[in-house]
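Okay, so here's the structure we're looking at.
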Amino acid sequence: MILTIARREFTTMFLSPLAWVILGIMQTILGYMFLAQLDNYFTLQPQLLNLKNAPGVTDIVIASLFQLAAVILLMMMPLITMRTIAEEKRNKTLSLLISSPISMTEIVLGKFLGLFLFVVVLVSLLMLMPLSLYMGTELDAGKLFSIYLAMLLLLGSFAAIGLYLSSLTDNQTIAATSTFGALLMLWIIDWIGESIADSDSVVSYLSILQHHKSMLRGVFDSSDIAYYLILISAFLVLTIRQLDRERML
Amino acid sequence: MDSTALIKVENLSRFYQKHCAISQLSFSLEPGEVLGFLGPNGAGKSTTMQIITGNLAPSEGQVLIGGFDIIESPRQAKQLIGYLPEHPPVYREATVDEFLKYCAKLHRLKRPAIAPAMEQVKSDCGLNEVGHRLIGNLSKGYQQRVGIAQAIIHNPPVVILDEPTVGLDPIQIREIRSLIKTLGSERSVILSTHILSEVQATCDRVQIIREGKLIYKASIEMLEDQSSEHSIVVALKQPPGPERLAQLESVEQVETIDSNRFRLYFNTASPVESLIQESVAQQWGLFELIPDHRSLEDLFIELTQDDRAVDETGEPGS
């Protein structure tokens with residue numbers, strides 16, 4: 001049942017040009033950045049030869065590429081998540097799901113899974129660029145996998161937050177704007193932490209960026225994974241509660 | 001109330017903040033009957049429908065569908081209902097076939113059962129020719145049919161239709177009504193509307209709601225009985241004068257409309273037969289004879305404006 005809703009959600013995304021446009025923009029911008037980083041790497045290469053434990057191509061080109069991808073997607077994801085529930089509310093189609101013999105949990109999980117499928121497609125397409133380097137060099141497969149996982153978890157949390165904010169309104173613009181605001185807040189929340197110069201502070205733990213950074217470096221810390229999983233499940237539960245609550249109002 | 005009732009609504013109340021949308025509503029729906037749920041706009045019809053289908057939670061009271069409580073065991077209860085809300089919940093960007101297939105899956109139809117169910121509802125709702133078209137490109141009437149098809153695809157014993165003919169043209173209205181009639185021959189239907197003739201055309205039983213309270217329950221025959229006024233309008237070429245007409249058998253009172261037309265009031269037996277006989281014998285030149293029907297709208301207005309208690313004895317079978 002969850003899969004049925006997820007599939008509907010996923011195909012609906014591609015029925016409108018928005019998903020295609022976002023995929024296209026991401027590929028174009030990151031393709032350009034990828035080339036620029038490669039160029040950069042070639043100029044740096046002679047100096048790197050002199051270093052011990054020099055960072056490899058995976059660190060210099062790919063990690064920084066995906067760091068940039070994360071920033072751009074922070075702006076793009078709200079556009080993908082905004083319609084999930086808000087549109088159904090506006091068009092009054094939500095009652096189709098609610099009147100069907102399925103629970104709110106299944107509805108929300110289905111919607112989230114649909115979004116997550118899109119994320120998988122998006123990240124996999126972006127991964128093709130670094131993978132193309134295999135034609136000329138060796139890559140650190142472990143780090144690549146860590147980066148892939150980091151992107152999936154990061155965008156998964158973006159999707160969960162966007163889904164929740166989309167369930168609060170029937171206006172897609174408001175959903176997108178508030179999602180963008182929330183994501184940006186989670187992104188910059190540790191700036192204050194940095195000035196306090198205490199990297200173990202709560203704000204630094206809350207920051208989505210900190211966890212992302214360490215995973216991009218290839219550090220596979222279970223507390224980072226836990227952070228994302230907790231974030232995702234918290235917002236999914238909030239969405240379920242929100243939809244249930246609306247029947248009481 | 002009967003324990004075999006398909007839908008049993010008990011003391012249902014619903015508040016929006018402090019505003020009371022429906023209060024202490026109780027009724028039941030028996031298998032195989034078409035129940036008309038009448039009321040002016042804002043009387044609480046849609047709220048009631050939404051509560052029955054689990055789209056809203058009741059503030060007080062209970063809804064049992066086939067014995068299952070809509071709050072306690074929503075899955076079993078919702079499986080028994082097909083619901084068409086006021087705005088048909090259709091995805092404009094999907095084709096009719098895609099949409100119906102999705103609905104069938106949502107209602108947990110087994111994979112091999114989906115194709116025959118789709119064929120069935122498409123032929124029932126006259127959607128055979130538009131299966132591959134986008135719902136957003138269909139006319140309002142067809143979208144409404146898709147909405148009805150969505151409500152019956154899992155072959156539920158109860159179908160709930162909330163104002164299914166709003167915004168349709170007269171031909172479409174007639175088509176949808178005949179579709180509802182067909183539905184009613186195999187299933188129980190609750191039909192909410194503010195149009196009396198719709199109830200008259202499709203329902204077995206009617207209940208009228210006003211300001212959240214049931215104010216009238218009756219079978220459709222009783223409603224029609226109440227609506228027929230005891231008067232006729234006659235037009236005569238050489239009228240004999242109202243006094244002479246008043247002397248006709250069973251005529252109680254005569255009202256002159258113009259020099260040729262009169263309205264005859266009667267109480268029990270119709271004076272038509274004696275009128276025609278006299279007219280031929282006296283050469284009054286009868287050229288028009290119209291039985292007056294107090295319009296159902298008048299009755300509706302009267303009922304919804306009166307502070308009339310529910311006519312419990314009006315229920316059929318009691």
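Please note that chains go A, B, ... in the order of the structure tokens, that every chain numbers its residues from 1, and that ligands are numbered from 1 in the order shown.
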Could you pull out all residues of stretch 82-208 of chain B with a DSSP call of strand (DSSP E) and give them as a PDB file with N, CA and C atoms, in the first residue's frame?
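Done, and the output landed in selection-v2.pdb:
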ATOM      1  N   GLY B  82     -18.036   3.710  -0.316  1.00  0.00           N
ATOM      2  CA  GLY B  82     -17.493   4.487  -1.420  1.00  0.00           C
ATOM      3  C   GLY B  82     -17.950   5.915  -1.229  1.00  0.00           C
ATOM      4  N   TYR B  83     -17.051   6.868  -1.395  1.00  0.00           N
ATOM      5  CA  TYR B  83     -17.400   8.254  -1.043  1.00  0.00           C
ATOM      6  C   TYR B  83     -17.050   9.195  -2.187  1.00  0.00           C
ATOM      7  N   LEU B  84     -18.009   9.965  -2.587  1.00  0.00           N
ATOM      8  CA  LEU B  84     -17.749  11.040  -3.543  1.00  0.00           C
ATOM      9  C   LEU B  84     -17.962  12.363  -2.818  1.00  0.00           C
ATOM     10  N   VAL B 158     -22.146   0.401   0.481  1.00  0.00           N
ATOM     11  CA  VAL B 158     -22.702   1.738   0.701  1.00  0.00           C
ATOM     12  C   VAL B 158     -21.960   2.753  -0.156  1.00  0.00           C
ATOM     13  N   VAL B 159     -22.725   3.593  -0.842  1.00  0.00           N
ATOM     14  CA  VAL B 159     -22.104   4.674  -1.591  1.00  0.00           C
ATOM     15  C   VAL B 159     -22.629   5.990  -1.034  1.00  0.00           C
ATOM     16  N   ILE B 160     -21.727   6.901  -0.751  1.00  0.00           N
ATOM     17  CA  ILE B 160     -22.115   8.197  -0.196  1.00  0.00           C
ATOM     18  C   ILE B 160     -21.761   9.281  -1.203  1.00  0.00           C
ATOM     19  N   LEU B 161     -22.765   9.997  -1.659  1.00  0.00           N
ATOM     20  CA  LEU B 161     -22.543  11.007  -2.688  1.00  0.00           C
ATOM     21  C   LEU B 161     -22.921  12.369  -2.129  1.00  0.00           C
ATOM     22  N   ASP B 162     -21.960  13.281  -2.140  1.00  0.00           N
ATOM     23  CA  ASP B 162     -22.209  14.612  -1.597  1.00  0.00           C
ATOM     24  C   ASP B 162     -22.451  15.581  -2.753  1.00  0.00           C
ATOM     25  N   SER B 188     -26.762   0.362  -1.191  1.00  0.00           N
ATOM     26  CA  SER B 188     -27.386   1.448  -0.438  1.00  0.00           C
ATOM     27  C   SER B 188     -26.669   2.736  -0.808  1.00  0.00           C
ATOM     28  N   VAL B 189     -27.452   3.793  -0.889  1.00  0.00           N
ATOM     29  CA  VAL B 189     -26.864   5.070  -1.280  1.00  0.00           C
ATOM     30  C   VAL B 189     -27.331   6.155  -0.316  1.00  0.00           C
ATOM     31  N   ILE B 190     -26.422   7.002   0.087  1.00  0.00           N
ATOM     32  CA  ILE B 190     -26.824   8.243   0.765  1.00  0.00           C
ATOM     33  C   ILE B 190     -26.491   9.374  -0.190  1.00  0.00           C
ATOM     34  N   LEU B 191     -27.483  10.188  -0.462  1.00  0.00           N
ATOM     35  CA  LEU B 191     -27.319  11.247  -1.438  1.00  0.00           C
ATOM     36  C   LEU B 191     -27.617  12.562  -0.748  1.00  0.00           C
ATOM     37  N   SER B 192     -26.637  13.446  -0.710  1.00  0.00           N
ATOM     38  CA  SER B 192     -26.929  14.734  -0.098  1.00  0.00           C
ATOM     39  C   SER B 192     -27.134  15.767  -1.192  1.00  0.00           C
ATOM     40  N   THR B 193     -28.083  16.633  -0.978  1.00  0.00           N
ATOM     41  CA  THR B 193     -28.400  17.612  -2.010  1.00  0.00           C
ATOM     42  C   THR B 193     -29.232  18.733  -1.399  1.00  0.00           C
ATOM     43  N   ARG B 205     -36.253   7.331   0.471  1.00  0.00           N
ATOM     44  CA  ARG B 205     -36.535   7.898   1.777  1.00  0.00           C
ATOM     45  C   ARG B 205     -35.806   9.222   1.845  1.00  0.00           C
ATOM     46  N   VAL B 206     -36.349  10.127   2.617  1.00  0.00           N
ATOM     47  CA  VAL B 206     -35.727  11.441   2.666  1.00  0.00           C
ATOM     48  C   VAL B 206     -35.652  11.922   4.110  1.00  0.00           C
ATOM     49  N   GLN B 207     -34.587  12.611   4.427  1.00  0.00           N
ATOM     50  CA  GLN B 207     -34.550  13.300   5.710  1.00  0.00           C
ATOM     51  C   GLN B 207     -33.992  14.695   5.480  1.00  0.00           C
ATOM     52  N   ILE B 208     -34.597  15.623   6.187  1.00  0.00           N
ATOM     53  CA  ILE B 208     -34.218  17.019   5.985  1.00  0.00           C
ATOM     54  C   ILE B 208     -33.479  17.510   7.217  1.00  0.00           C
TER      55      ILE B 208
END
Which residues come within 8 Å of B:Leu80, counting only C-alpha atoms, excluding same-chain residues fewer than 3 positions away, as an NGL selection string? :B and (65-66 or 76-77 or 156-158)
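Closest to A:Val108 among A:Phe220, A:Tyr205, A:Tyr164, A:Phe66 is A:Tyr164, based on only C-alpha atoms.
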Check which residues of chain B sit at most 6 Å from chain A using only C-alpha atoms, and return one row each with the closest pair of atoms and their distance in Å to one decimal, ordered by chain and rising number, as CSV.
residue,atom,partner,partner_atom,distance
B:Thr53,CA,A:Ser99,CA,5.9
B:Leu56,CA,A:Arg247,CA,4.3
B:Ala57,CA,A:Met248,CA,5.3
B:Arg75,CA,A:Pro101,CA,4.5
B:Lys78,CA,A:Pro101,CA,5.1
B:Gln79,CA,A:Pro101,CA,5.5
B:Pro89,CA,A:Thr93,CA,4.1
B:His107,CA,A:Ser100,CA,5.8
Dump N, CA and C atoms for the selected residues as a compact mmCIF listing (two decimals), in the first residue's frame?
# COMPACT_ATOMS: atom_id res chain seq x y z
N THR B 53 -17.55 9.13 6.67
CA THR B 53 -16.48 8.52 5.89
C THR B 53 -15.12 8.63 6.56
N LEU B 56 -13.58 13.46 9.00
CA LEU B 56 -13.61 14.35 10.16
C LEU B 56 -13.90 13.47 11.37
N ALA B 57 -13.40 13.88 12.51
CA ALA B 57 -13.72 13.14 13.71
C ALA B 57 -14.95 13.78 14.35
N ARG B 75 -10.21 0.74 9.16
CA ARG B 75 -9.90 0.01 7.93
C ARG B 75 -11.09 -0.83 7.46
N LYS B 78 -14.03 1.59 6.44
CA LYS B 78 -13.86 2.33 5.18
C LYS B 78 -13.92 1.41 3.97
N GLN B 79 -13.58 0.15 4.17
CA GLN B 79 -13.65 -0.81 3.07
C GLN B 79 -15.09 -0.95 2.56
N PRO B 89 -12.53 14.03 -5.92
CA PRO B 89 -11.10 13.98 -5.62
C PRO B 89 -10.33 13.27 -6.72
N HIS B 107 -7.89 0.66 -2.47
CA HIS B 107 -8.93 -0.08 -1.76
C HIS B 107 -8.58 -1.55 -1.64
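Atom CA of A:Tyr32 sits 24.4 Å away from atom CA of A:Phe158.
Of note, atom CA of B:Gly32 and atom CA of B:Arg187 are spaced 5.2 Å apart.
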Residues within 12 Å of A:Asp39, please, as a ChimeraX atom specification. Count only C-alpha atoms; anything in the same chain fewer than 6 positions from it doesn't count. /A:32-33,45,57,60-61
Show which residues sit within 6 Å of B:Thr202, as a list in words. Count only C-alpha atoms, and ignore same-chain residues fewer than 2 positions away. Lys181, Val199 and Gln200 of chain B
Keeping C-alpha atoms, export the residues of the selection given above as a PDB file, in the first residue's frame.
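Result went into out34.pdb, see below:
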ATOM      1  CA  LYS B 181     -30.711   5.144  -9.703  1.00  0.00           C
ATOM      2  CA  VAL B 199     -34.471  13.497  -4.110  1.00  0.00           C
ATOM      3  CA  GLN B 200     -37.817  12.979  -5.757  1.00  0.00           C
TER       4      GLN B 200
END
Can you pull out the residues contacting stretch 2-19 of chain B? Cut-off 8 Å, using only C-alpha atoms, and skip same-chain residues under 2 positions away; I want them as an NGL selection string. (:A and (249)) or (:B and (21-31 or 58-67 or 158))
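Within 7 Å of stretch 182-188 of chain A, once only C-alpha atoms are used and residues closer than 2 positions along the same chain are dropped, the contacting residues are Leu74, Phe158, Ser178, Thr179, Phe180, Asp190, Trp191, Leu206, Ser207, Ile208 and Leu209 of chain A.
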One number please: atom CA of B:His132 to atom CA of A:Val121, in Å, one decimal. 27.8 Å
Residues near A:Thr105, cut-off 10 Å, only C-alpha atoms, skip fewer than 5 positions along chain, as a list in words: Ile2, Gly110, Lys111, Leu236, Val237, Thr239, Ile240, Arg241, Leu243 and Asp244 of chain A
Could you write those residues out with C-alpha atoms, as an mmCIF file, in the first residue's frame?
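Result went into part.cif, see below:
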data_model
loop_
_atom_site.group_PDB
_atom_site.id
_atom_site.type_symbol
_atom_site.label_atom_id
_atom_site.label_comp_id
_atom_site.auth_asym_id
_atom_site.auth_seq_id
_atom_site.Cartn_x
_atom_site.Cartn_y
_atom_site.Cartn_z
ATOM 1 C CA ILE A 2 2.868 2.331 0.906
ATOM 2 C CA GLY A 110 4.103 6.450 0.985
ATOM 3 C CA LYS A 111 4.536 10.128 0.260
ATOM 4 C CA LEU A 236 7.429 11.924 9.636
ATOM 5 C CA VAL A 237 5.750 11.408 13.000
ATOM 6 C CA THR A 239 3.342 14.889 9.690
ATOM 7 C CA ILE A 240 1.214 11.920 10.698
ATOM 8 C CA ARG A 241 0.125 13.727 13.844
ATOM 9 C CA LEU A 243 -2.900 15.043 9.393
ATOM 10 C CA ASP A 244 -4.643 13.189 12.204
#
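Of all the residues in stretch 9-77 of chain B, the ones DSSP labels as helix (DSSP H, G or I) from the backbone are Lys45, Ser46, Thr47, Thr48, Met49, Gln50, Ile51, Ile52, Pro74, Arg75, Gln76 and Ala77 of chain B.
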